[in-house]
Amino acid sequence: MSFFRAFSSNNKGLERSRNRSQSRNRSENLFGIQKYSYYRDLAIQSGHCTISSELASLRRSRLHRSLYNLVYTPNDELNYFILYMESCSLSSYLKFILDVHAYEKIARENSSKSNDQQVAALSLFHRYLSIDAKYFIPMDDEIRRLTLSLICPSSNSTMPDPNCFQMAREQTWKSIEENAYPDYLSSPYHANYQLKLLTSNQLQLHDIFHHSSSLSYFMEFAEQEQIVDLVRFWLAVEDFYQRTTNRMIDNQILSENALSIYDQYISLQAPSRLGFDDAIRARIECSICQPDIDAGPSSDTFDQAAWIVYVILQREYFPRFLQSVPFYRHISDLMVKLRNEDASLTSRPTKTIEPDEISTHSDNPLLATSSPPPIDRTRQSRQRNPSVSSSTASLNQEIASKSKGKFSMGYIDPLGRFIRDPDVDSIDGFSSSNRKTSSNPIQFFTNLVRNEQEERAMEEAAALFAETFINEITSMTANIDNE
């Protein structure tokens, strides 16, 4: 029995060894993204019908919103745009757009109260479109006349047209979209919001992918990590999706585009093969090669594969990117841009907008921000770029922490001994007692940017000290000459 027991034990050991060898061989045979341990789970989850809706939310960046999303969707960037419009004396344009949106919403909800709607419409007209309007908006006389006729129809009915402000709103929107919004995207206000988002914990990978400037830094990181093919596949799929939504592109061109992506990344002979399994590859092939030649590929042809790639990039590489040198360089470049443009921003005249006591959006928390209170320019210059402003003392502490032990100031006494200057000792002691280590690289970049006002104050104090010192030397020399 002992022989059979030993034989059985040996067989179990050989079986475990064989299983480990087979498992190791299977892992060695896996290619590309299948090497990730959770790939099989992602492949199963990506087969659900909700993948396309999830990808739709990943196809825009908060670092570069469209004007529509900025104005009409809840976000924390609208306040920056309001401040910019106010600095350009164009806040009345944005106030008009928001008030008309609130009026139309109230008109749809309370369609039975015609008198209240007419009073609200006349209030908006006299506030923005009349000749003596408080927030006058330049408008064509024909549009102004037609708007007033839609508010007060000639018939006995007092019900205004729900779209009475449509023409005026379209002209105002066109003016903002063509003139103000492009300038806002290149302004310090927008850069300040971008810096706030980049240094927060809310940043996501899709914010980087759909912002050209941030994407360039991520591509540099991708080259270091050797994942450029994954990023290029995602971008190619996004370009394909945008083409499918454009009805002007022929289906034959879309089929050629889909086949090009398949040959480059999906096929077994692809030069940049990513390693998707047979089921996903077969599903893509069926979507591209449909029985109806004129039908063309569907917009969700690559959704399953794109979702898997995005999750892998988000889980494996995005946290590394946030701790990488290219990302910190991105933050540093944005800080330098803000610092260079801060002086020109301060010199701009600001038109104070008084809060409107009679407003149609008094109950709307989003639109309530369209009439900001008067702004103190001195306080705004201090608080505009909180992430850029830093004291000169903190910069001196960084320099002192690096140079301590290498350079010292003092003199040589008659015995040849080096004596440190007591004034310098007191300064070094003060700096060392108040020095704070900067472990966070973002904080380190912040400490390297000086506040111009404090720097100017220090220069004036130094000039005053030099002048006093020269006067004392001159008086002492004059006294010696007189003696």
# chains A, B, ... in the order shown; residues from 1 in each chain; ligands from 1
>>> select_by_dssp(residues="range 79-279 of chain A", states="alpha helix (DSSP H)", output="MDAnalysis selection string")
chainID A and resid 79:87 91:109 114:128 141:151 166:175 181:185 188:198 205:209 212:225 228:245 251:261 278:279
>>> atom_distance(atom1="CA of Arg315 in chain A", atom2="CA of Asp41 in chain A")
13.8 Å
>>> residues_around(residues="range 51-64 of chain A", least_positions_apart="5", cutoff="8 Å", atoms="only C-alpha atoms", output="list in words")
Ser46, Leu185, Gln194, Leu197, His206, Asp207, Ile208, Phe209, His210, His211, Glu238, Asp300, Asp303, Gln304 and Trp307 of chain A
>>> closest_residue(among="A:Ala461, A:Tyr36, A:Phe81, A:Val325", to="Ser186 in chain A", atoms="only C-alpha atoms")
A:Phe81
>>> residues_around(residues="Ile280 in chain A", least_positions_apart="2", cutoff="12 Å", atoms="only C-alpha atoms", output="ChimeraX atom specification")
/A:40,42-44,46-47,262,266-267,274-278,282-287,301-308
>>> decode(residues="range 328-343 of chain A", atoms="all heavy atoms", output="compact mmCIF listing (two decimals), in the first residue's frame")
# COMPACT_ATOMS: atom_id res chain seq x y z
N TYR A 328 4.37 66.87 -15.60
CA TYR A 328 4.82 68.00 -14.80
C TYR A 328 5.34 69.14 -15.69
O TYR A 328 5.21 70.31 -15.34
CB TYR A 328 5.91 67.56 -13.82
CG TYR A 328 5.39 66.65 -12.74
CD1 TYR A 328 6.03 65.46 -12.43
CD2 TYR A 328 4.24 66.97 -12.05
CE1 TYR A 328 5.54 64.61 -11.44
CE2 TYR A 328 3.73 66.14 -11.07
CZ TYR A 328 4.39 64.97 -10.76
OH TYR A 328 3.90 64.14 -9.79
N ARG A 329 5.90 68.78 -16.84
CA ARG A 329 6.29 69.82 -17.78
C ARG A 329 5.07 70.53 -18.34
O ARG A 329 5.09 71.75 -18.60
CB ARG A 329 7.11 69.22 -18.92
CG ARG A 329 7.81 70.29 -19.77
CD ARG A 329 8.51 69.72 -20.98
NE ARG A 329 9.36 68.60 -20.62
CZ ARG A 329 9.18 67.38 -21.09
NH1 ARG A 329 8.17 67.14 -21.90
NH2 ARG A 329 9.99 66.41 -20.75
N HIS A 330 3.99 69.79 -18.54
CA HIS A 330 2.72 70.38 -18.99
C HIS A 330 2.23 71.40 -17.96
O HIS A 330 1.83 72.52 -18.33
CB HIS A 330 1.70 69.27 -19.19
CG HIS A 330 0.40 69.73 -19.78
ND1 HIS A 330 0.25 70.94 -20.42
CD2 HIS A 330 -0.83 69.13 -19.81
CE1 HIS A 330 -0.99 71.08 -20.83
NE2 HIS A 330 -1.67 70.00 -20.46
N ILE A 331 2.26 71.04 -16.70
CA ILE A 331 1.85 71.96 -15.65
C ILE A 331 2.76 73.19 -15.62
O ILE A 331 2.30 74.34 -15.51
CB ILE A 331 1.87 71.26 -14.28
CG1 ILE A 331 0.91 70.06 -14.27
CG2 ILE A 331 1.50 72.23 -13.16
CD1 ILE A 331 -0.53 70.41 -14.41
N SER A 332 4.07 72.97 -15.73
CA SER A 332 5.03 74.07 -15.68
C SER A 332 4.83 75.02 -16.85
O SER A 332 4.85 76.25 -16.67
CB SER A 332 6.45 73.51 -15.68
OG SER A 332 7.41 74.56 -15.72
N ASP A 333 4.63 74.50 -18.05
CA ASP A 333 4.42 75.36 -19.22
C ASP A 333 3.16 76.19 -19.08
O ASP A 333 3.12 77.36 -19.49
CB ASP A 333 4.34 74.50 -20.49
CG ASP A 333 5.66 73.82 -20.81
OD1 ASP A 333 6.69 74.24 -20.24
OD2 ASP A 333 5.66 72.85 -21.60
N LEU A 334 2.12 75.60 -18.51
CA LEU A 334 0.87 76.34 -18.32
C LEU A 334 1.06 77.44 -17.27
O LEU A 334 0.51 78.54 -17.41
CB LEU A 334 -0.23 75.38 -17.90
CG LEU A 334 -1.68 75.87 -18.05
CD1 LEU A 334 -1.95 76.29 -19.47
CD2 LEU A 334 -2.65 74.77 -17.64
N MET A 335 1.83 77.18 -16.23
CA MET A 335 2.11 78.21 -15.23
C MET A 335 2.91 79.37 -15.81
O MET A 335 2.63 80.54 -15.51
CB MET A 335 2.88 77.59 -14.06
CG MET A 335 2.06 76.71 -13.15
SD MET A 335 3.04 76.05 -11.80
CE MET A 335 1.77 75.24 -10.84
N VAL A 336 3.89 79.05 -16.65
CA VAL A 336 4.68 80.11 -17.28
C VAL A 336 3.79 80.95 -18.19
O VAL A 336 3.91 82.18 -18.23
CB VAL A 336 5.84 79.48 -18.07
CG1 VAL A 336 6.55 80.54 -18.91
CG2 VAL A 336 6.83 78.83 -17.12
N LYS A 337 2.88 80.32 -18.91
CA LYS A 337 1.96 81.07 -19.75
C LYS A 337 1.09 82.01 -18.93
O LYS A 337 0.88 83.17 -19.31
CB LYS A 337 1.08 80.09 -20.54
CG LYS A 337 0.02 80.77 -21.41
CD LYS A 337 -0.87 79.75 -22.08
CE LYS A 337 -1.98 80.45 -22.87
NZ LYS A 337 -2.89 79.47 -23.53
N LEU A 338 0.59 81.52 -17.81
CA LEU A 338 -0.23 82.37 -16.95
C LEU A 338 0.57 83.53 -16.39
O LEU A 338 0.09 84.66 -16.31
CB LEU A 338 -0.81 81.53 -15.80
CG LEU A 338 -2.05 80.70 -16.14
CD1 LEU A 338 -2.37 79.76 -15.00
CD2 LEU A 338 -3.23 81.61 -16.40
N ARG A 339 1.80 83.28 -16.01
CA ARG A 339 2.63 84.33 -15.43
C ARG A 339 2.94 85.41 -16.47
O ARG A 339 2.93 86.60 -16.16
CB ARG A 339 3.92 83.74 -14.91
CG ARG A 339 4.82 84.78 -14.24
CD ARG A 339 6.12 84.15 -13.81
NE ARG A 339 7.02 85.16 -13.26
CZ ARG A 339 8.31 85.19 -13.46
NH1 ARG A 339 8.87 84.28 -14.21
NH2 ARG A 339 9.07 86.12 -12.91
N ASN A 340 3.19 85.02 -17.71
CA ASN A 340 3.52 85.99 -18.75
C ASN A 340 2.32 86.83 -19.15
O ASN A 340 2.47 87.99 -19.54
CB ASN A 340 4.07 85.26 -19.98
CG ASN A 340 5.40 84.60 -19.72
OD1 ASN A 340 6.14 85.00 -18.81
ND2 ASN A 340 5.73 83.58 -20.50
N GLU A 341 1.12 86.25 -19.06
CA GLU A 341 -0.08 86.97 -19.48
C GLU A 341 -0.78 87.68 -18.33
O GLU A 341 -1.74 88.40 -18.56
CB GLU A 341 -1.06 86.01 -20.15
CG GLU A 341 -0.54 85.41 -21.45
CD GLU A 341 -1.54 84.49 -22.10
OE1 GLU A 341 -2.60 84.25 -21.46
OE2 GLU A 341 -1.30 84.02 -23.22
N ASP A 342 -0.30 87.50 -17.12
CA ASP A 342 -0.97 88.08 -15.96
C ASP A 342 -0.89 89.60 -15.98
O ASP A 342 -1.83 90.29 -15.60
CB ASP A 342 -0.36 87.53 -14.68
CG ASP A 342 -1.18 87.92 -13.46
OD1 ASP A 342 -2.36 87.55 -13.42
OD2 ASP A 342 -0.64 88.60 -12.57
N ALA A 343 0.23 90.15 -16.43
CA ALA A 343 0.39 91.60 -16.44
C ALA A 343 -0.56 92.25 -17.43
O ALA A 343 -1.21 93.26 -17.12
CB ALA A 343 1.84 91.96 -16.79
